[in-house]
$ cat protein_29.txt   # compact mmCIF, C-alpha atoms
# COMPACT_ATOMS: atom_id res chain seq x y z
CA MET A 1 0.00 0.00 0.00
CA ASN A 2 1.46 3.35 -1.10
CA ILE A 3 0.80 5.87 1.65
CA ASN A 4 3.06 8.84 0.89
CA ASN A 5 1.77 11.96 -0.88
CA GLN A 6 -1.76 10.61 -1.23
CA ILE A 7 -4.74 12.93 -1.58
CA VAL A 8 -7.73 12.41 0.70
CA LYS A 9 -11.22 13.41 -0.40
CA MET A 10 -13.92 14.28 2.13
CA SER A 11 -17.36 15.84 1.72
CA ASN A 12 -17.66 19.49 2.72
CA THR A 13 -20.47 18.51 5.08
CA LEU A 14 -18.14 16.23 7.01
CA ILE A 15 -15.26 18.74 7.04
CA HIS A 16 -17.14 20.81 9.64
CA LYS A 17 -18.21 17.91 11.85
CA ASN A 18 -16.25 17.46 15.05
CA THR A 19 -15.74 14.00 16.52
CA THR A 20 -14.15 12.75 19.72
CA MET A 21 -11.38 10.93 17.86
CA SER A 22 -7.91 11.28 19.36
CA ILE A 23 -5.05 12.65 17.29
CA MET A 24 -3.84 9.11 16.49
CA GLN A 25 -7.36 8.03 15.55
CA GLU A 26 -7.73 11.04 13.25
CA LYS A 27 -4.56 9.97 11.45
CA VAL A 28 -5.69 6.35 11.15
CA PHE A 29 -9.09 7.52 9.91
CA SER A 30 -7.48 9.71 7.25
CA VAL A 31 -5.27 6.90 5.93
CA ALA A 32 -8.21 4.48 5.95
CA LEU A 33 -10.40 6.99 4.11
CA ARG A 34 -7.80 7.37 1.35
CA GLU A 35 -7.48 3.59 1.10
CA LEU A 36 -11.27 3.32 0.82
CA GLU A 37 -11.24 5.73 -2.11
CA ARG A 38 -8.42 3.78 -3.78
CA ILE A 39 -10.24 0.47 -3.45
CA ASN A 40 -13.47 1.88 -4.83
CA SER A 41 -11.81 3.75 -7.70
CA ASP A 42 -11.60 0.62 -9.87
CA SER A 43 -14.65 -1.19 -8.54
CA GLU A 44 -18.08 -1.42 -10.07
CA TYR A 45 -19.67 -1.82 -6.64
CA PRO A 46 -18.85 0.05 -3.40
CA HIS A 47 -16.64 -1.57 -0.78
CA GLU A 48 -16.80 -0.74 2.90
CA GLU A 49 -13.75 -2.56 4.34
CA VAL A 50 -10.11 -1.49 4.23
CA ILE A 51 -7.03 -3.37 5.46
CA ILE A 52 -3.89 -1.56 6.62
CA ASN A 53 -0.54 -2.96 7.75
CA ALA A 54 0.21 -1.70 11.28
CA GLY A 55 3.99 -1.62 10.81
CA GLU A 56 3.77 0.40 7.59
CA LEU A 57 1.35 2.78 9.26
CA LEU A 58 3.55 3.47 12.28
CA GLU A 59 6.62 3.99 10.10
CA TYR A 60 4.64 6.44 7.97
CA PHE A 61 3.65 8.34 11.10
CA GLY A 62 7.35 8.65 11.93
CA TYR A 63 7.72 6.13 14.76
CA ASP A 64 10.85 4.00 15.16
CA ILE A 65 9.13 0.65 15.60
CA SER A 66 12.41 -1.28 15.76
CA SER A 67 13.21 0.24 19.16
CA ASN A 68 9.73 1.07 20.41
CA LYS A 69 7.48 -1.98 20.29
CA SER A 70 5.05 -0.35 22.73
CA MET A 71 3.72 1.72 19.82
CA TYR A 72 2.07 -1.42 18.48
CA ARG A 73 0.12 -1.79 21.74
CA TYR A 74 -0.80 1.89 21.69
CA LEU A 75 -1.99 1.66 18.08
CA LYS A 76 -3.98 -1.48 18.90
CA ASP A 77 -5.84 0.30 21.71
CA GLU A 78 -6.51 3.32 19.48
CA VAL A 79 -7.85 1.19 16.63
CA ASN A 80 -10.01 -1.05 18.78
CA SER A 81 -11.72 2.00 20.32
CA LEU A 82 -11.95 3.96 17.05
CA GLN A 83 -15.55 3.13 16.14
CA GLN A 84 -17.12 4.68 19.24
CA HIS A 85 -15.40 8.02 18.52
CA THR A 86 -16.76 8.44 14.98
CA TYR A 87 -20.28 9.46 15.99
CA VAL A 88 -21.68 12.44 14.06
CA GLU A 89 -25.01 14.24 13.81
CA PHE A 90 -26.41 15.74 10.62
CA GLU A 91 -29.26 18.13 9.92
CA ASP A 92 -30.86 18.51 6.51
CA GLY A 93 -33.69 21.02 6.64
CA GLU A 94 -36.26 19.57 9.02
CA SER A 95 -34.75 16.08 9.13
CA GLN A 96 -31.98 14.90 11.41
CA ASP A 97 -29.68 11.93 11.21
CA SER A 98 -26.95 10.55 13.41
CA GLY A 99 -24.67 7.55 13.44
CA TYR A 100 -21.15 6.18 13.31
CA LEU A 101 -18.95 6.76 10.27
CA ILE A 102 -17.18 3.50 11.13
CA TYR A 103 -19.22 0.58 12.40
CA ARG A 104 -16.29 -1.71 13.24
CA ALA A 105 -12.51 -1.47 13.65
CA LYS A 106 -10.28 -4.33 14.66
CA TYR A 107 -6.52 -4.75 15.20
CA TYR A 108 -5.54 -8.37 14.58
CA LYS A 109 -2.58 -10.16 16.20
CA HIS A 110 -0.69 -10.58 12.94
CA GLY A 111 -0.49 -6.80 12.55
CA GLU A 112 -3.38 -6.12 10.21
CA ILE A 113 -5.89 -3.37 10.86
CA HIS A 114 -9.39 -3.94 9.45
CA ILE A 115 -11.80 -1.00 9.32
CA TRP A 116 -15.40 -1.19 8.13
CA PHE A 117 -17.06 2.09 7.14
CA GLY A 118 -20.78 2.62 7.54
CA MET A 119 -22.34 1.96 4.15
CA SER A 120 -24.95 4.69 4.61
CA TYR A 121 -22.22 7.31 5.02
CA LEU A 122 -20.01 6.34 2.09
CA PRO A 123 -21.29 9.28 -0.03
CA LEU A 124 -20.17 11.67 2.72
CA LEU A 125 -16.83 9.97 3.13
CA THR A 126 -15.76 9.91 -0.50
CA GLU A 127 -16.10 11.88 -3.71
CA PHE A 128 -19.47 10.27 -4.42
CA TYR A 129 -20.72 13.40 -2.68
CA GLU A 130 -21.28 16.38 -4.99
CA LYS A 131 -19.16 18.87 -3.02
CA TYR A 132 -15.96 17.58 -1.49
CA THR A 133 -12.59 18.83 -0.32
CA ARG A 134 -9.19 17.37 -1.18
CA TYR A 135 -6.31 17.54 1.26
CA LEU A 136 -2.79 16.13 1.32
CA GLN A 137 -2.43 13.16 3.64
CA ASP A 138 1.25 13.95 4.27
CA ASP A 139 0.21 17.33 5.66
CA PHE A 140 -2.55 15.99 7.85
CA VAL A 141 -0.80 13.10 9.61
CA TYR A 142 2.11 15.23 10.81
CA PHE A 143 0.00 17.73 12.71
CA ARG A 144 0.33 17.49 16.49
CA THR A 145 -3.04 18.96 17.50
CA LYS A 146 -6.69 18.51 16.60
CA GLY A 147 -7.00 22.26 16.17
CA ALA A 148 -4.42 22.25 13.36
CA MET A 149 -6.13 19.26 11.73
CA ASN A 150 -9.55 20.89 11.78
CA LEU A 151 -8.47 24.36 10.67
CA TYR A 152 -6.29 22.91 7.91
CA LYS A 153 -9.24 21.02 6.42
CA ILE A 154 -11.35 24.19 6.46
CA PHE A 155 -8.55 26.17 4.82
CA MET A 156 -8.33 23.50 2.11
CA GLU A 157 -12.10 23.68 1.60
CA LYS A 158 -12.03 27.49 1.33
CA SER A 159 -9.00 27.63 -0.99
CA TYR A 160 -11.12 28.99 -3.85
CA ILE A 161 -11.69 32.14 -1.76
CA VAL A 162 -8.00 32.94 -1.27
CA ASN A 163 -7.30 32.01 -4.89
CA HIS A 164 -9.59 34.89 -5.86
CA GLY A 165 -7.75 37.34 -3.62
CA SER A 166 -10.12 37.38 -0.66
CA GLY A 167 -9.72 36.23 2.92
CA VAL A 168 -11.53 33.47 4.80
CA ARG A 169 -13.66 34.92 7.60
CA PHE A 170 -14.56 33.33 10.93
CA THR A 171 -16.51 34.65 13.86
CA THR A 172 -14.97 34.03 17.26
CA ASP A 173 -17.49 31.23 17.89
CA GLU A 174 -16.65 29.60 14.55
CA ILE A 175 -12.95 29.55 15.41
CA LYS A 176 -13.76 28.08 18.82
CA ASN A 177 -15.80 25.37 17.14
CA ALA A 178 -13.01 24.58 14.66
CA LEU A 179 -10.52 24.31 17.52
CA GLN A 180 -13.05 22.28 19.56
CA LEU A 181 -13.07 24.74 22.42
CA SER A 182 -15.96 25.12 24.84
CA ASP A 183 -18.22 28.18 24.72
CA ASN A 184 -16.71 29.54 27.93
CA ALA A 185 -13.10 28.93 26.92
CA TYR A 186 -10.92 31.97 27.69
CA VAL A 187 -13.71 33.65 29.62
CA ILE A 188 -12.31 35.28 32.76
CA LYS A 189 -13.61 33.43 35.81
CA THR A 190 -12.54 35.66 38.70
CA GLY A 191 -11.87 39.28 39.59
CA HIS A 192 -13.43 42.51 38.41
CA SER A 193 -13.37 41.30 34.78
CA LYS A 194 -15.21 38.07 35.57
CA GLY A 195 -17.37 36.94 32.64
CA LYS A 196 -15.45 38.89 30.00
CA PHE A 197 -13.79 37.17 27.08
CA ASN A 198 -9.99 37.41 27.20
CA ARG A 199 -9.29 37.88 23.51
CA THR A 200 -5.58 38.55 23.96
CA VAL A 201 -4.98 35.21 25.67
CA PHE A 202 -7.31 33.46 23.21
CA GLU A 203 -5.22 34.64 20.29
CA LYS A 204 -1.91 33.93 22.02
CA LYS A 205 -2.71 30.44 23.30
CA ALA A 206 -5.38 29.13 20.91
CA ILE A 207 -5.06 30.73 17.47
CA ASN A 208 -1.36 31.56 17.13
CA PRO A 209 0.06 28.10 18.03
CA VAL A 210 -2.27 26.42 15.53
CA ILE A 211 -1.30 28.87 12.78
CA GLU A 212 2.39 28.30 13.54
CA GLU A 213 1.89 24.53 13.40
CA ILE A 214 0.14 24.60 10.02
CA ASN A 215 2.72 27.01 8.59
CA GLU A 216 5.49 24.69 9.78
CA LYS A 217 4.03 21.33 8.72
CA SER A 218 1.86 21.93 5.65
CA LYS A 219 2.92 21.84 2.01
CA CYS A 220 -0.48 23.02 0.75
CA VAL A 221 -1.28 25.83 3.20
CA ASN A 222 1.35 28.24 4.47
CA ASN A 223 2.13 31.91 5.08
CA ILE A 224 -1.08 32.13 7.11
CA LYS A 225 -1.88 35.56 8.46
CA TYR A 226 -4.98 37.02 10.03
CA ARG A 227 -6.47 40.36 10.93
CA LYS A 228 -9.43 41.44 13.02
CA ILE A 229 -12.39 43.13 11.36
CA LYS A 230 -14.17 45.31 13.87
CA ASN A 231 -17.54 46.92 14.23
CA GLY A 232 -16.59 49.84 16.43
CA LYS A 233 -14.55 48.36 19.25
CA PHE A 234 -16.04 44.88 18.89
CA VAL A 235 -14.40 42.14 16.81
CA LYS A 236 -16.84 41.00 14.14
CA TYR A 237 -14.61 38.60 12.22
CA TYR A 238 -11.15 37.16 11.99
CA GLU A 239 -10.03 37.22 8.36
CA PHE A 240 -7.36 34.71 7.34
CA THR A 241 -5.20 34.86 4.22
CA TYR A 242 -2.69 32.22 3.16
CA SER A 243 -0.76 30.77 0.25
CA TYR A 244 -2.38 27.69 -1.28
CA THR A 245 -0.81 24.90 -3.34
CA ASP A 246 -3.08 22.37 -4.98
CA PRO A 247 -2.43 18.82 -3.68
CA ASP A 248 -2.04 17.56 -7.24
CA ASP A 249 0.89 19.94 -7.69
CA ILE A 250 2.74 18.37 -4.74
CA ASN A 251 2.96 15.04 -6.52
CA PRO A 252 1.87 15.54 -10.15
CA SER A 253 2.95 12.00 -11.11
CA ARG A 254 0.41 10.34 -8.80
CA ASN A 255 -2.40 8.35 -10.39
CA LYS A 256 -5.55 10.41 -10.28
CA SER A 257 -8.55 8.32 -9.40
CA ASN A 258 -11.54 7.87 -11.65
CA ILE A 259 -14.56 6.75 -9.67
CA LYS A 260 -16.53 4.38 -11.85
CA ILE A 261 -19.49 3.78 -9.59
CA ASN A 262 -22.62 5.45 -10.91
CA ASN A 263 -23.81 7.91 -8.26
CA ASP A 264 -27.55 7.50 -8.98
CA SER A 265 -27.45 3.71 -8.75
CA PHE A 266 -25.30 3.94 -5.63
CA MET A 267 -27.78 6.24 -3.90
CA ARG A 268 -30.66 3.93 -4.83
CA MET A 269 -28.78 1.06 -3.21
CA ILE A 270 -28.20 3.15 -0.06
CA ASN A 271 -31.90 4.03 0.18
CA GLU A 272 -32.84 0.36 -0.26
CA LEU A 273 -30.47 -0.58 2.59
CA LYS A 274 -32.04 2.08 4.81
CA ASN A 275 -35.58 0.90 3.99
CA GLU A 276 -34.64 -2.66 4.88
CA ASN A 277 -33.60 -1.47 8.36
CA ILE A 278 -36.80 0.45 9.05

$ encode --input "protein_29.txt" --output "structure tokens"
Amino acid sequence: MNINNQIVKMSNTLIHKNTTMSIMQEKVFSVALRELERINSDSEYPHEEVIINAGELLEYFGYDISSNKSMYRYLKDEVNSLQQHTYVEFEDGESQDSGYLIYRAKYYKHGEIHIWFGMSYLPLLTEFYEKYTRYLQDDFVYFRTKGAMNLYKIFMEKSYIVNHGSGVRFTTDEIKNALQLSDNAYVIKTGHSKGKFNRTVFEKKAINPVIEEINEKSKCVNNIKYRKIKNGKFVKYYEFTYSYTDPDDINPSRNKSNIKINNDSFMRMINELKNENI
């Protein structure tokens, strides 16, 4: 399995969904998602299972497995608990849906990782979905924090905005959500300023480290800068600008996938599966 310089595709709907996956689980999920796309690229019918070699995976993540065998045990624990951390909720108009993106994950003794994706969510997980974002796997797996992972995916999704000379705007709450911070994060809890939002500390400890991490690690997104757009003395938006490189330009010799599965027939099959479970 070729892991390096692969491009992962994820629906824009899923890009903004936060899960409780750990950093290691996010990395495993990303590699598995790319493998799922590869398997389905030459298949007439959709597949839901992927198999990954544990040793290859740990080496790709940068671990010296020859001197640190405990990483295998750590990876095993992370994989075996992966499924329960992939729960997401969706809203579509008046309807709501929720479920697990992965319905089973198992680390076997011989060093193989088997992951089964939820069939109902395959359109959201791959480019079957009409609007999707591509990101470079090599960028993603070397981030150290969930905040960098989440913000990077959003920057990749919004690349068309910066390519047209504009900035990507976030409210304070939207940045908190992307960084998976609580609503009361960086709210002063004591003293005469109790209840006020400490924006200076928020920028210093939450935003700036994530920006530095992406600038340092990413090949596709760098030179990130931001400014505050105010309405009087109040901050209305944070506007981010950055340099963007298309993932295909990082490794132009890679084989670009050509999904052969007909989307209409695939969606009919998904609806039939759902009706059978009603």

$ closest_residue --input "protein_29.txt" --among "A:Ser30, A:Asn184, A:Thr171, A:Thr190" --to "Tyr237 of chain A" --atoms "all atoms listed in the file"
A:Thr171

$ atom_distance --input "protein_29.txt" --atom1 "atom CA of Tyr72 of chain A" --atom2 "atom CA of His114 of chain A"
14.8 Å

$ residues_around --input "protein_29.txt" --residues "segment 137-139 of chain A" --least-positions-apart "2" --cutoff "7 Å" --atoms "only C-alpha atoms" --output "VMD selection string"
chain A and resid 4 to 8 135 141 to 142 217 to 219

$ atom_distance --input "protein_29.txt" --atom1 "atom CA of Leu14 of chain A" --atom2 "atom CA of Tyr152 of chain A"
13.6 Å

$ residues_around --input "protein_29.txt" --residues "Met21 of chain A" --least-positions-apart "4" --cutoff "10 Å" --atoms "only C-alpha atoms" --output "list in words"
Gln25, Glu26, Lys27, Val28, Phe29, Glu78, Ser81, Leu82, Gln83, Gln84, His85, Thr86, Tyr87 and Lys146 of chain A

$ residues_around --input "protein_29.txt" --residues "Ile207 of chain A" --least-positions-apart "5" --cutoff "9 Å" --atoms "only C-alpha atoms" --output "MDAnalysis selection string"
chainID A and resid 147 175 179 202 212

$ closest_residue --input "protein_29.txt" --among "A:Tyr103, A:Ile23, A:Phe90, A:Asn12" --to "Glu49 of chain A" --atoms "all atoms listed in the file"
A:Tyr103

$ closest_residue --input "protein_29.txt" --among "A:Lys76, A:Lys153, A:Lys204, A:Arg227" --to "Ile113 of chain A" --atoms "only C-alpha atoms"
A:Lys76

$ closest_residue --input "protein_29.txt" --among "A:Ile224, A:Glu48, A:Trp116, A:Tyr186" --to "Asn80 of chain A" --atoms "all atoms listed in the file"
A:Trp116

$ atom_distance --input "protein_29.txt" --atom1 "atom CA of Asn53 of chain A" --atom2 "atom CA of Phe143 of chain A"
21.3 Å

$ closest_residue --input "protein_29.txt" --among "A:Asn18, A:His164, A:Ala148, A:Asn177" --to "Val210 of chain A" --atoms "all atoms listed in the file"
A:Ala148
